[in-house]
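J.: Below you will find the structure I want to go over with you.
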Amino acid sequence: MAQAAETLITEATQQPPMSDVERVAARLFDSGGMKPQDFNRTEKLVRESGGSPWRMALKLGLVSEKDLSAAFVDELELARISSEGFPSVPVLDDDVLSLRFIKDVHILPIHRDEEEGQLLLAMSDPTDRFTIEAVSAACGLEVAPLVALQSEIDAAIEKLYGEGRSAMGEIVDGLADGEEEEDIEHLKDMASEAPVIRLVNLVVQRAVESRASDIHVEPFEGRLKIRYRIDGVLQEVEAPPSHSAAAVISRIKIMAKLNIAERRLPQDGRIALRVQGKELDLRVSTVPTLFGESVVIRLLDKQSVRFDFQALGFDGKPLEQLKQILELPHGIILVTGPTGSGKSTTLYTALHRLNTPDRKIITVEDPVEYQLEGVNQIQVKPQINLTFASALRAIVRQDPDVIMVGEMRDLETAQIAVRSALTGHLVLSTLHTNDAPGGVARLLDMGVEDYLINSTINGILGQRLVRRLCPHCREPYQPHPDEVERMALDRFYAAGEQPGFYQPGGCPECSNTGFFGRLSLTEVLIMTEGVRHLVMQHANAAEIRRAAIKEGMITMYQDGLRKASQGLTTLGEVLRVAEED
């Protein structure tokens with residue numbers, strides 16, 4: 001027995017150590033940056049065609065540059081270098097390393113030290129021992145690899161050795177120059193050509209790298225404009241020339257299975273795409289404009305979304321109140337706010353919390369943004385008369401415990417939701433209003449009876465999204481005395497909280513914007529006796545708001561100031577989305 005155990009220990013210790021490639025792969029598997037089946041696919045292709053597995057993975061979009069470089073830094077304990085540290089002139093002579101070789105293996109010489117006999121080399125794949133040995137032999141120096149993003153290396157190579165063109169500029173060179181084509185067949189052929197396909201893929205890939213939530217493709221006279229919405233703010237980015245507009249837009253429409261011959265009417269479609277190892281669901285909307293079709297693509301990352309209230313920015317009293325009304329067995333919970341304020345994500349997070357084996361949950365949505373396991377989700381289809389109202393009528397006969405209606409758009413939908421709440425169902429929905437008290441006034445305006453509102457509404461959540469300060473580069477900031485007085489910031493000093501107000505800085509982590517991600521500012525209106533009394537009197541939103549504040553409601557503005565005092569966002573961001581009390 002002892003001999004058998006000794007043999008097992010000996011065999012275990014004789015196992016060959018993991019290679020650098022395997023160690024990086026294991027790190028990516030643990031972090032969710034890459035799937036094992038994708039790595040196996042990459043290895044198979046490399047065995048057939050040769051080359052580096054990580055360059056192949058990047059080429060196929062199976063892993064993101066940032067995830068891969070982070071794995072190199074953590075697992076191989078190498079230094080990371082950004083584009084700011086790249087040289088302004090070539091380090092090696094042209095006859096030492098050929099430009100083709102540098103481009104093919106994505107490397108950039110950074111610094112040559114003859115005394116130490118060393119060459120600092122920026123690499124997109126530092127596990128590539130063949131490239132390291134080849135460079136060392138060519139220049140007669142020991143190579144010290146540094147980790148850099150492949151896209152930054154490629155841009156630097158073009159700047160130092162090429163004509164200064166960007167990746168998009170190189171692709172555009174392959175496009176045929178000419179006027180916008182009206183012939184549909186020719187347009188279809190153009191949209192299926194390699195340069196146009198690469199161009200659209202590059203636009204989407206850059207959007208993912210920039211953490212954009214939307215891509216806006218907008219044709220104007222003599223110009224095609226592309227903008228990304230990053231952390232809620234639109235930013236213009238490099239765009240292809242105007243003569244490629246028709247082909248680019250047609251390519252997007254083909255991917256979304258839309259009719260490219262129809263340019264007079266709005267169209268909606270979806271694209272399932274794999275970019276940088278992420279499963280993306282792209283919602284495509286087109287509308288005709290004066291100079292062509294404007295396209296907006298909403299990017300939904302199924303893997304990165306976190307259905308957690310704290311991660312979304314909910315905390316303190318509003319979070320406790322929201323949890324309390326979610327625990328009630330029946331009634332209506334409304335989430336209010338304008339388009340793009342995070343209402344759908346909040347509803348999904350609430351459903352995720354309610355999704356237990358003893359509850360049946362059915363949703364009616366337009367569109368279904370995220371698929372939740374264990375939840376029956378219905379996609380609205382007005383063209384076959386499957387509307388919110390008709391679907392809701394059918395749902396009630398399915399014996400649900402929880403019903404989620406994507407939006408209360410009309411009186412009929414609201415009335416069915418109210419009847420469902422009265423018959424013992426918990427109903428979640430959204431309304432387009434500016435704040436929580438405005439939700440009551442909106443229901444009254446729609447024609448819902450006041451006594452039904454009082455009998456069914458448990459609470460109304462109002463929310464907005466503000467940009468979250470980048471924790472790596474935020475800078476301490478002392479508000480001006482006028483600001484302290486006007487915004488009553490002295491309350492935080494008086495409470496002894498020692499507030500930490502900050503302003504945005506700028507670093508590579510946040511693309512020099514000073515912000516990284518977003519968080520919610522919230523207010524929860526509980527239907528107290530005082531509020532119910534005002535509803536019966538058909539009071540306006542301002543009167544209901546004053547009563548709710550008097551009874552202890554924390555407003556979005558107050559919630560925002562509190563989060564600004566904790567260094568999570570800025571005072572300017574709070575004032576951008578919330579009205580002063």
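Chain identifiers are assigned as A, B, and so on, following the order in which chains appear in the structure tokens; residues are numbered from 1 within each chain, and ligands are numbered from 1 in order of appearance.
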Excluding region 283-291 of chain A and any residue of its chain fewer than 2 positions from it, enumerate the residues within 10 Å of it, using only C-alpha atoms, and give them as an MDAnalysis selection string.
T.: chainID A and resid 214:224 249 252:253 255:258 262:272 280:281 293:300 367 369
J.: DSSP on the backbone: which residues in region 269-483 of chain A end up as helix (DSSP H, G or I)? Give the answer as an mmCIF file with C-alpha atoms, in the first residue's frame.
T.:
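Okay, selection.cif is ready:
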data_model
loop_
_atom_site.group_PDB
_atom_site.id
_atom_site.type_symbol
_atom_site.label_atom_id
_atom_site.label_comp_id
_atom_site.auth_asym_id
_atom_site.auth_seq_id
_atom_site.Cartn_x
_atom_site.Cartn_y
_atom_site.Cartn_z
ATOM 1 C CA PHE A 309 -28.323 45.435 -7.417
ATOM 2 C CA GLN A 310 -25.108 46.454 -5.660
ATOM 3 C CA ALA A 311 -23.090 46.165 -8.888
ATOM 4 C CA LEU A 312 -25.633 48.461 -10.575
ATOM 5 C CA GLY A 316 -28.541 52.230 1.335
ATOM 6 C CA LYS A 317 -32.182 52.984 2.038
ATOM 7 C CA PRO A 318 -33.413 52.817 -1.620
ATOM 8 C CA LEU A 319 -32.034 49.281 -1.940
ATOM 9 C CA GLU A 320 -33.681 48.168 1.308
ATOM 10 C CA GLN A 321 -37.019 49.657 0.211
ATOM 11 C CA LEU A 322 -36.782 47.946 -3.186
ATOM 12 C CA LYS A 323 -36.048 44.585 -1.570
ATOM 13 C CA GLN A 324 -39.057 45.028 0.748
ATOM 14 C CA ILE A 325 -41.553 45.672 -2.057
ATOM 15 C CA LEU A 326 -40.113 42.769 -4.095
ATOM 16 C CA LYS A 343 -34.873 50.303 -16.546
ATOM 17 C CA SER A 344 -34.697 46.949 -18.350
ATOM 18 C CA THR A 345 -31.515 45.904 -16.536
ATOM 19 C CA THR A 346 -33.148 46.740 -13.196
ATOM 20 C CA LEU A 347 -36.194 44.637 -14.091
ATOM 21 C CA TYR A 348 -33.987 41.707 -15.134
ATOM 22 C CA THR A 349 -32.090 42.003 -11.852
ATOM 23 C CA ALA A 350 -35.376 41.954 -9.931
ATOM 24 C CA LEU A 351 -36.515 38.875 -11.890
ATOM 25 C CA HIS A 352 -33.172 37.203 -11.224
ATOM 26 C CA ARG A 353 -33.792 37.746 -7.497
ATOM 27 C CA LEU A 354 -37.367 36.430 -7.710
ATOM 28 C CA PRO A 382 -47.424 43.499 -33.539
ATOM 29 C CA GLN A 383 -47.589 42.299 -37.174
ATOM 30 C CA ILE A 384 -49.478 39.180 -36.038
ATOM 31 C CA PHE A 388 -48.484 43.647 -24.854
ATOM 32 C CA ALA A 389 -52.222 43.627 -24.139
ATOM 33 C CA SER A 390 -53.081 40.429 -26.080
ATOM 34 C CA ALA A 391 -50.076 38.546 -24.656
ATOM 35 C CA LEU A 392 -50.920 39.734 -21.141
ATOM 36 C CA ARG A 393 -54.486 38.440 -21.459
ATOM 37 C CA ALA A 394 -53.145 35.001 -22.428
ATOM 38 C CA ILE A 395 -50.477 35.007 -19.702
ATOM 39 C CA VAL A 396 -53.012 35.269 -16.880
ATOM 40 C CA ARG A 397 -54.409 31.871 -17.915
ATOM 41 C CA GLN A 398 -50.916 30.317 -17.623
ATOM 42 C CA LEU A 411 -54.604 52.066 -21.076
ATOM 43 C CA GLU A 412 -55.553 48.517 -22.113
ATOM 44 C CA THR A 413 -52.165 47.102 -21.031
ATOM 45 C CA ALA A 414 -52.305 49.068 -17.764
ATOM 46 C CA GLN A 415 -55.833 47.842 -16.984
ATOM 47 C CA ILE A 416 -54.941 44.188 -17.566
ATOM 48 C CA ALA A 417 -51.828 44.611 -15.378
ATOM 49 C CA VAL A 418 -53.961 46.139 -12.622
ATOM 50 C CA ARG A 419 -56.481 43.269 -12.832
ATOM 51 C CA SER A 420 -53.603 40.773 -12.676
ATOM 52 C CA ALA A 421 -52.275 42.444 -9.516
ATOM 53 C CA LEU A 422 -55.759 42.386 -7.958
ATOM 54 C CA ALA A 436 -40.997 58.203 -9.442
ATOM 55 C CA PRO A 437 -43.850 60.581 -8.444
ATOM 56 C CA GLY A 438 -44.446 61.228 -12.137
ATOM 57 C CA GLY A 439 -45.410 57.560 -12.521
ATOM 58 C CA VAL A 440 -48.600 58.096 -10.517
ATOM 59 C CA ALA A 441 -49.581 61.130 -12.587
ATOM 60 C CA ARG A 442 -48.849 59.188 -15.799
ATOM 61 C CA LEU A 443 -51.200 56.354 -14.794
ATOM 62 C CA LEU A 444 -53.946 58.873 -13.955
ATOM 63 C CA ASP A 445 -53.430 60.577 -17.338
ATOM 64 C CA MET A 446 -53.701 57.196 -19.092
ATOM 65 C CA ASP A 450 -57.420 56.328 -8.755
ATOM 66 C CA TYR A 451 -58.767 53.653 -6.400
ATOM 67 C CA LEU A 452 -57.166 50.928 -8.559
ATOM 68 C CA ILE A 453 -53.781 52.697 -8.387
ATOM 69 C CA ASN A 454 -54.032 52.821 -4.592
ATOM 70 C CA SER A 455 -55.073 49.151 -4.420
ATOM 71 C CA THR A 456 -52.334 47.729 -6.647
ATOM 72 C CA PRO A 481 -17.716 77.423 -1.114
ATOM 73 C CA ASP A 482 -20.482 78.603 -3.458
ATOM 74 C CA GLU A 483 -21.072 74.997 -4.550
#
J.: Just list as a PyMOL selection string whatever in region 355-454 of chain A DSSP marks as strand (DSSP E).
T.: chain A and resi 361-365+376-379+402-405+426-431
J.: Name the residues in contact with region 515-526 of chain A at a cut-off of 7 Å, using only C-alpha atoms, excluding same-chain residues fewer than 3 positions from it; report them as a ChimeraX atom specification.
T.: /A:231,312-314,318,321,436-437,458-470,504,510,548,553-556,559-560
J.: Dump N, CA, C and O atoms for the selected residues as a tab-separated table (two decimals), in the first residue's frame?
T.:
chain	number	residue	atom	x	y	z
A	231	ASP	N	-20.33	54.88	-22.01
A	231	ASP	CA	-20.77	55.35	-20.68
A	231	ASP	C	-21.84	56.43	-20.82
A	231	ASP	O	-21.84	57.42	-20.08
A	312	LEU	N	-24.99	47.42	-9.77
A	312	LEU	CA	-25.63	48.46	-10.57
A	312	LEU	C	-25.61	49.82	-9.89
A	312	LEU	O	-25.97	50.83	-10.51
A	313	GLY	N	-25.22	49.86	-8.61
A	313	GLY	CA	-25.15	51.13	-7.90
A	313	GLY	C	-26.24	51.33	-6.87
A	313	GLY	O	-26.32	52.38	-6.25
A	314	PHE	N	-27.09	50.32	-6.65
A	314	PHE	CA	-28.13	50.41	-5.62
A	314	PHE	C	-27.49	50.16	-4.26
A	314	PHE	O	-26.75	49.20	-4.07
A	318	PRO	N	-32.67	53.21	-0.41
A	318	PRO	CA	-33.41	52.82	-1.62
A	318	PRO	C	-33.35	51.32	-1.91
A	318	PRO	O	-34.34	50.72	-2.31
A	321	GLN	N	-35.61	49.48	0.57
A	321	GLN	CA	-37.02	49.66	0.21
A	321	GLN	C	-37.39	48.82	-1.00
A	321	GLN	O	-38.48	48.21	-1.04
A	436	ALA	N	-40.05	59.16	-10.02
A	436	ALA	CA	-41.00	58.20	-9.44
A	436	ALA	C	-42.38	58.80	-9.22
A	436	ALA	O	-43.39	58.20	-9.60
A	437	PRO	N	-42.51	60.01	-8.62
A	437	PRO	CA	-43.85	60.58	-8.44
A	437	PRO	C	-44.58	60.80	-9.77
A	437	PRO	O	-45.82	60.73	-9.82
A	458	ASN	N	-47.43	48.94	-5.34
A	458	ASN	CA	-46.65	48.78	-4.11
A	458	ASN	C	-45.56	49.85	-3.99
A	458	ASN	O	-45.26	50.33	-2.89
A	459	GLY	N	-44.96	50.17	-5.11
A	459	GLY	CA	-43.89	51.17	-5.10
A	459	GLY	C	-43.46	51.50	-6.51
A	459	GLY	O	-43.69	50.74	-7.45
A	460	ILE	N	-42.88	52.68	-6.65
A	460	ILE	CA	-42.39	53.13	-7.95
A	460	ILE	C	-40.92	53.53	-7.79
A	460	ILE	O	-40.58	54.34	-6.92
A	461	LEU	N	-40.08	52.96	-8.63
A	461	LEU	CA	-38.65	53.24	-8.61
A	461	LEU	C	-38.31	54.17	-9.77
A	461	LEU	O	-38.61	53.87	-10.92
A	462	GLY	N	-37.72	55.31	-9.46
A	462	GLY	CA	-37.21	56.20	-10.50
A	462	GLY	C	-35.70	56.10	-10.55
A	462	GLY	O	-35.05	55.99	-9.50
A	463	GLN	N	-35.12	56.10	-11.74
A	463	GLN	CA	-33.65	55.97	-11.80
A	463	GLN	C	-33.07	56.69	-13.01
A	463	GLN	O	-33.73	56.95	-14.00
A	464	ARG	N	-31.78	57.03	-12.88
A	464	ARG	CA	-30.96	57.60	-13.94
A	464	ARG	C	-29.59	56.94	-13.86
A	464	ARG	O	-29.21	56.39	-12.83
A	465	LEU	N	-28.85	57.04	-14.94
A	465	LEU	CA	-27.49	56.51	-14.96
A	465	LEU	C	-26.49	57.66	-15.05
A	465	LEU	O	-26.67	58.58	-15.85
A	466	VAL	N	-25.46	57.60	-14.22
A	466	VAL	CA	-24.35	58.56	-14.29
A	466	VAL	C	-23.06	57.80	-14.52
A	466	VAL	O	-22.97	56.61	-14.23
A	467	ARG	N	-22.06	58.49	-15.06
A	467	ARG	CA	-20.78	57.84	-15.29
A	467	ARG	C	-20.03	57.65	-13.97
A	467	ARG	O	-20.00	58.54	-13.13
A	468	ARG	N	-19.42	56.49	-13.86
A	468	ARG	CA	-18.65	56.14	-12.65
A	468	ARG	C	-17.21	56.60	-12.84
A	468	ARG	O	-16.60	56.35	-13.88
A	469	LEU	N	-16.66	57.27	-11.83
A	469	LEU	CA	-15.27	57.73	-11.89
A	469	LEU	C	-14.31	56.55	-11.99
A	469	LEU	O	-14.51	55.52	-11.32
A	470	CYS	N	-13.29	56.70	-12.82
A	470	CYS	CA	-12.27	55.66	-12.93
A	470	CYS	C	-11.47	55.62	-11.62
A	470	CYS	O	-10.89	56.64	-11.22
A	504	PRO	N	-12.65	63.82	-12.60
A	504	PRO	CA	-12.01	62.87	-13.50
A	504	PRO	C	-10.58	63.25	-13.83
A	504	PRO	O	-10.24	64.42	-13.95
A	510	CYS	N	-9.13	53.94	-18.68
A	510	CYS	CA	-10.44	54.53	-19.03
A	510	CYS	C	-10.38	55.26	-20.36
A	510	CYS	O	-11.25	56.10	-20.65
A	548	ALA	N	-43.96	62.84	-0.56
A	548	ALA	CA	-43.08	61.67	-0.41
A	548	ALA	C	-41.77	62.05	0.28
A	548	ALA	O	-41.27	61.32	1.13
A	553	MET	N	-38.73	59.99	1.62
A	553	MET	CA	-38.18	59.49	0.36
A	553	MET	C	-36.84	60.18	0.05
A	553	MET	O	-36.74	61.41	0.11
A	554	ILE	N	-35.82	59.38	-0.26
A	554	ILE	CA	-34.53	59.91	-0.71
A	554	ILE	C	-34.61	60.11	-2.21
A	554	ILE	O	-34.84	59.16	-2.96
A	555	THR	N	-34.45	61.35	-2.66
A	555	THR	CA	-34.58	61.64	-4.09
A	555	THR	C	-33.33	61.23	-4.86
A	555	THR	O	-32.28	60.99	-4.26
A	556	MET	N	-33.46	61.18	-6.19
A	556	MET	CA	-32.31	60.86	-7.03
A	556	MET	C	-31.18	61.87	-6.83
A	556	MET	O	-30.00	61.51	-6.82
A	559	ASP	N	-29.51	61.05	-3.56
A	559	ASP	CA	-28.74	59.82	-3.74
A	559	ASP	C	-27.47	60.10	-4.53
A	559	ASP	O	-26.40	59.56	-4.24
A	560	GLY	N	-27.58	60.99	-5.52
A	560	GLY	CA	-26.42	61.35	-6.33
A	560	GLY	C	-25.37	62.10	-5.53
A	560	GLY	O	-24.17	61.84	-5.66
J.: Give me, please, the distance in Å between CA of Leu561 (chain A) and CA of Leu489 (chain A), quoted to one decimal.
T.: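 Here the two named atoms are 7.8 Å from each other.
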J.: I'd like the contact shell of region 119-123 of chain A - 7 Å cut-off, only C-alpha atoms, skipping same-chain residues fewer than 4 positions apart - returned as a PyMOL selection string.
T.: chain A and resi 106-113+141-148
J.: Quote the spacing between CA of Ala155 (chain A) and CA of Arg23 (chain A) in Å to one decimal place.
T.: 28.5 Å
J.: Would you please work out which residue, of A:Arg486, A:Glu84, A:Asp401, A:Glu279, is nearest to Pro357 (chain A) when using only C-alpha atoms?
T.: A:Asp401
J.: Give me the residues within 10 Å of Ala57 (chain A) as a short mmCIF file (atom, residue, chain, number, x, y, z; two decimals) with N, CA, C and O atoms, in the first residue's frame, counting only C-alpha atoms and dropping any in the same chain fewer than 2 places off.
T.:
data_model
loop_
_atom_site.label_atom_id
_atom_site.label_comp_id
_atom_site.auth_asym_id
_atom_site.auth_seq_id
_atom_site.Cartn_x
_atom_site.Cartn_y
_atom_site.Cartn_z
N MET A 34 -11.82 33.33 -22.07
CA MET A 34 -11.82 32.42 -23.22
C MET A 34 -12.41 31.09 -22.80
O MET A 34 -12.26 30.66 -21.65
N ASP A 38 -12.83 26.93 -27.48
CA ASP A 38 -12.24 27.88 -28.43
C ASP A 38 -10.73 27.72 -28.50
O ASP A 38 -10.12 27.84 -29.57
N PHE A 39 -10.10 27.46 -27.33
CA PHE A 39 -8.66 27.25 -27.32
C PHE A 39 -8.30 25.98 -28.08
O PHE A 39 -7.32 25.95 -28.83
N ARG A 41 -9.95 24.69 -30.52
CA ARG A 41 -10.13 25.01 -31.94
C ARG A 41 -8.91 25.77 -32.48
O ARG A 41 -8.42 25.48 -33.58
N THR A 42 -8.41 26.71 -31.69
CA THR A 42 -7.23 27.48 -32.10
C THR A 42 -6.01 26.57 -32.26
O THR A 42 -5.28 26.67 -33.25
N GLU A 43 -5.80 25.68 -31.30
CA GLU A 43 -4.65 24.77 -31.36
C GLU A 43 -4.71 23.87 -32.59
O GLU A 43 -3.71 23.60 -33.24
N LEU A 45 -6.15 24.58 -35.47
CA LEU A 45 -5.83 25.39 -36.65
C LEU A 45 -4.33 25.67 -36.74
O LEU A 45 -3.75 25.68 -37.83
N VAL A 46 -3.69 25.90 -35.58
CA VAL A 46 -2.26 26.18 -35.56
C VAL A 46 -1.46 24.94 -35.99
O VAL A 46 -0.46 25.04 -36.69
N SER A 52 1.41 31.29 -34.30
CA SER A 52 1.19 31.44 -32.86
C SER A 52 -0.28 31.21 -32.51
O SER A 52 -1.17 31.76 -33.17
N PRO A 53 -0.57 30.42 -31.48
CA PRO A 53 -1.98 30.18 -31.11
C PRO A 53 -2.69 31.46 -30.67
O PRO A 53 -3.88 31.63 -30.94
N TRP A 54 -1.95 32.37 -30.01
CA TRP A 54 -2.63 33.57 -29.52
C TRP A 54 -2.88 34.57 -30.64
O TRP A 54 -3.89 35.27 -30.64
N ARG A 55 -1.98 34.63 -31.61
CA ARG A 55 -2.26 35.50 -32.77
C ARG A 55 -3.45 34.95 -33.56
O ARG A 55 -4.27 35.70 -34.08
N LYS A 59 -7.01 36.79 -34.23
CA LYS A 59 -7.49 36.93 -35.60
C LYS A 59 -8.92 36.43 -35.74
O LYS A 59 -9.74 37.01 -36.46
N LEU A 60 -9.25 35.34 -35.04
CA LEU A 60 -10.59 34.75 -35.11
C LEU A 60 -11.58 35.43 -34.17
O LEU A 60 -12.76 35.10 -34.18
N GLY A 61 -11.09 36.36 -33.34
CA GLY A 61 -11.98 37.05 -32.40
C GLY A 61 -12.42 36.19 -31.24
O GLY A 61 -13.50 36.40 -30.67
N LEU A 62 -11.60 35.20 -30.86
CA LEU A 62 -11.97 34.28 -29.78
C LEU A 62 -11.54 34.78 -28.41
O LEU A 62 -11.92 34.21 -27.39
N VAL A 63 -10.73 35.84 -28.38
CA VAL A 63 -10.28 36.41 -27.12
C VAL A 63 -10.03 37.90 -27.36
O VAL A 63 -9.70 38.31 -28.48
N SER A 64 -10.23 38.70 -26.33
CA SER A 64 -10.00 40.14 -26.48
C SER A 64 -8.53 40.46 -26.19
O SER A 64 -7.86 39.78 -25.41
N GLU A 65 -8.05 41.52 -26.84
CA GLU A 65 -6.66 41.95 -26.64
C GLU A 65 -6.38 42.27 -25.18
O GLU A 65 -5.33 41.88 -24.63
N LEU A 68 -6.24 39.12 -22.99
CA LEU A 68 -5.03 38.35 -23.28
C LEU A 68 -3.79 39.03 -22.70
O LEU A 68 -2.95 38.38 -22.07
N GLN A 276 -14.13 39.02 -30.07
CA GLN A 276 -13.13 38.98 -28.99
C GLN A 276 -13.54 38.03 -27.86
O GLN A 276 -13.42 38.34 -26.68
N GLY A 277 -14.05 36.88 -28.26
CA GLY A 277 -14.42 35.87 -27.27
C GLY A 277 -15.73 36.14 -26.56
O GLY A 277 -16.09 35.42 -25.63
#
J.: When you draw a straight line from CA of Glu116 (chain A) to CA of Lys103 (chain A), how long is it in Å?
T.: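 Answer for the CA of Glu116 (chain A) to CA of Lys103 (chain A) separation: 26.7 Å.
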J.: Within 9 Å of Val203 (chain A), counting only C-alpha atoms, which residues qualify if same-chain residues fewer than 5 places away don't, as a ChimeraX atom specification?
T.: /A:168,198,208,215,226,238-239
J.: Next, the residues of the selection above should be written as a PDB file, in the first residue's frame with N, CA, C and O atoms.
T.:
ATOM      1  N   MET A 168      -8.222  51.107 -40.508  1.00  0.00           N
ATOM      2  CA  MET A 168      -9.370  51.381 -41.362  1.00  0.00           C
ATOM      3  C   MET A 168      -8.910  51.946 -42.700  1.00  0.00           C
ATOM      4  O   MET A 168      -9.471  51.630 -43.755  1.00  0.00           O
ATOM      5  N   ARG A 198     -14.558  43.313 -43.726  1.00  0.00           N
ATOM      6  CA  ARG A 198     -13.521  43.648 -42.741  1.00  0.00           C
ATOM      7  C   ARG A 198     -13.784  45.012 -42.118  1.00  0.00           C
ATOM      8  O   ARG A 198     -13.539  45.222 -40.916  1.00  0.00           O
ATOM      9  N   VAL A 208     -16.571  47.276 -29.254  1.00  0.00           N
ATOM     10  CA  VAL A 208     -16.468  46.359 -28.116  1.00  0.00           C
ATOM     11  C   VAL A 208     -15.262  46.719 -27.254  1.00  0.00           C
ATOM     12  O   VAL A 208     -15.348  46.751 -26.022  1.00  0.00           O
ATOM     13  N   ILE A 215     -23.672  51.832 -31.500  1.00  0.00           N
ATOM     14  CA  ILE A 215     -22.911  52.330 -32.647  1.00  0.00           C
ATOM     15  C   ILE A 215     -23.882  53.104 -33.532  1.00  0.00           C
ATOM     16  O   ILE A 215     -24.931  52.585 -33.915  1.00  0.00           O
ATOM     17  N   ILE A 226     -19.422  58.063 -37.919  1.00  0.00           N
ATOM     18  CA  ILE A 226     -19.608  56.930 -36.998  1.00  0.00           C
ATOM     19  C   ILE A 226     -19.331  57.422 -35.579  1.00  0.00           C
ATOM     20  O   ILE A 226     -18.300  58.043 -35.318  1.00  0.00           O
ATOM     21  N   GLU A 238     -13.127  57.367 -35.935  1.00  0.00           N
ATOM     22  CA  GLU A 238     -12.711  57.314 -37.333  1.00  0.00           C
ATOM     23  C   GLU A 238     -13.768  56.608 -38.169  1.00  0.00           C
ATOM     24  O   GLU A 238     -14.299  55.561 -37.779  1.00  0.00           O
ATOM     25  N   ALA A 239     -14.082  57.158 -39.332  1.00  0.00           N
ATOM     26  CA  ALA A 239     -15.120  56.606 -40.202  1.00  0.00           C
ATOM     27  C   ALA A 239     -14.571  56.418 -41.610  1.00  0.00           C
ATOM     28  O   ALA A 239     -13.657  57.129 -42.036  1.00  0.00           O
TER      29      ALA A 239
END
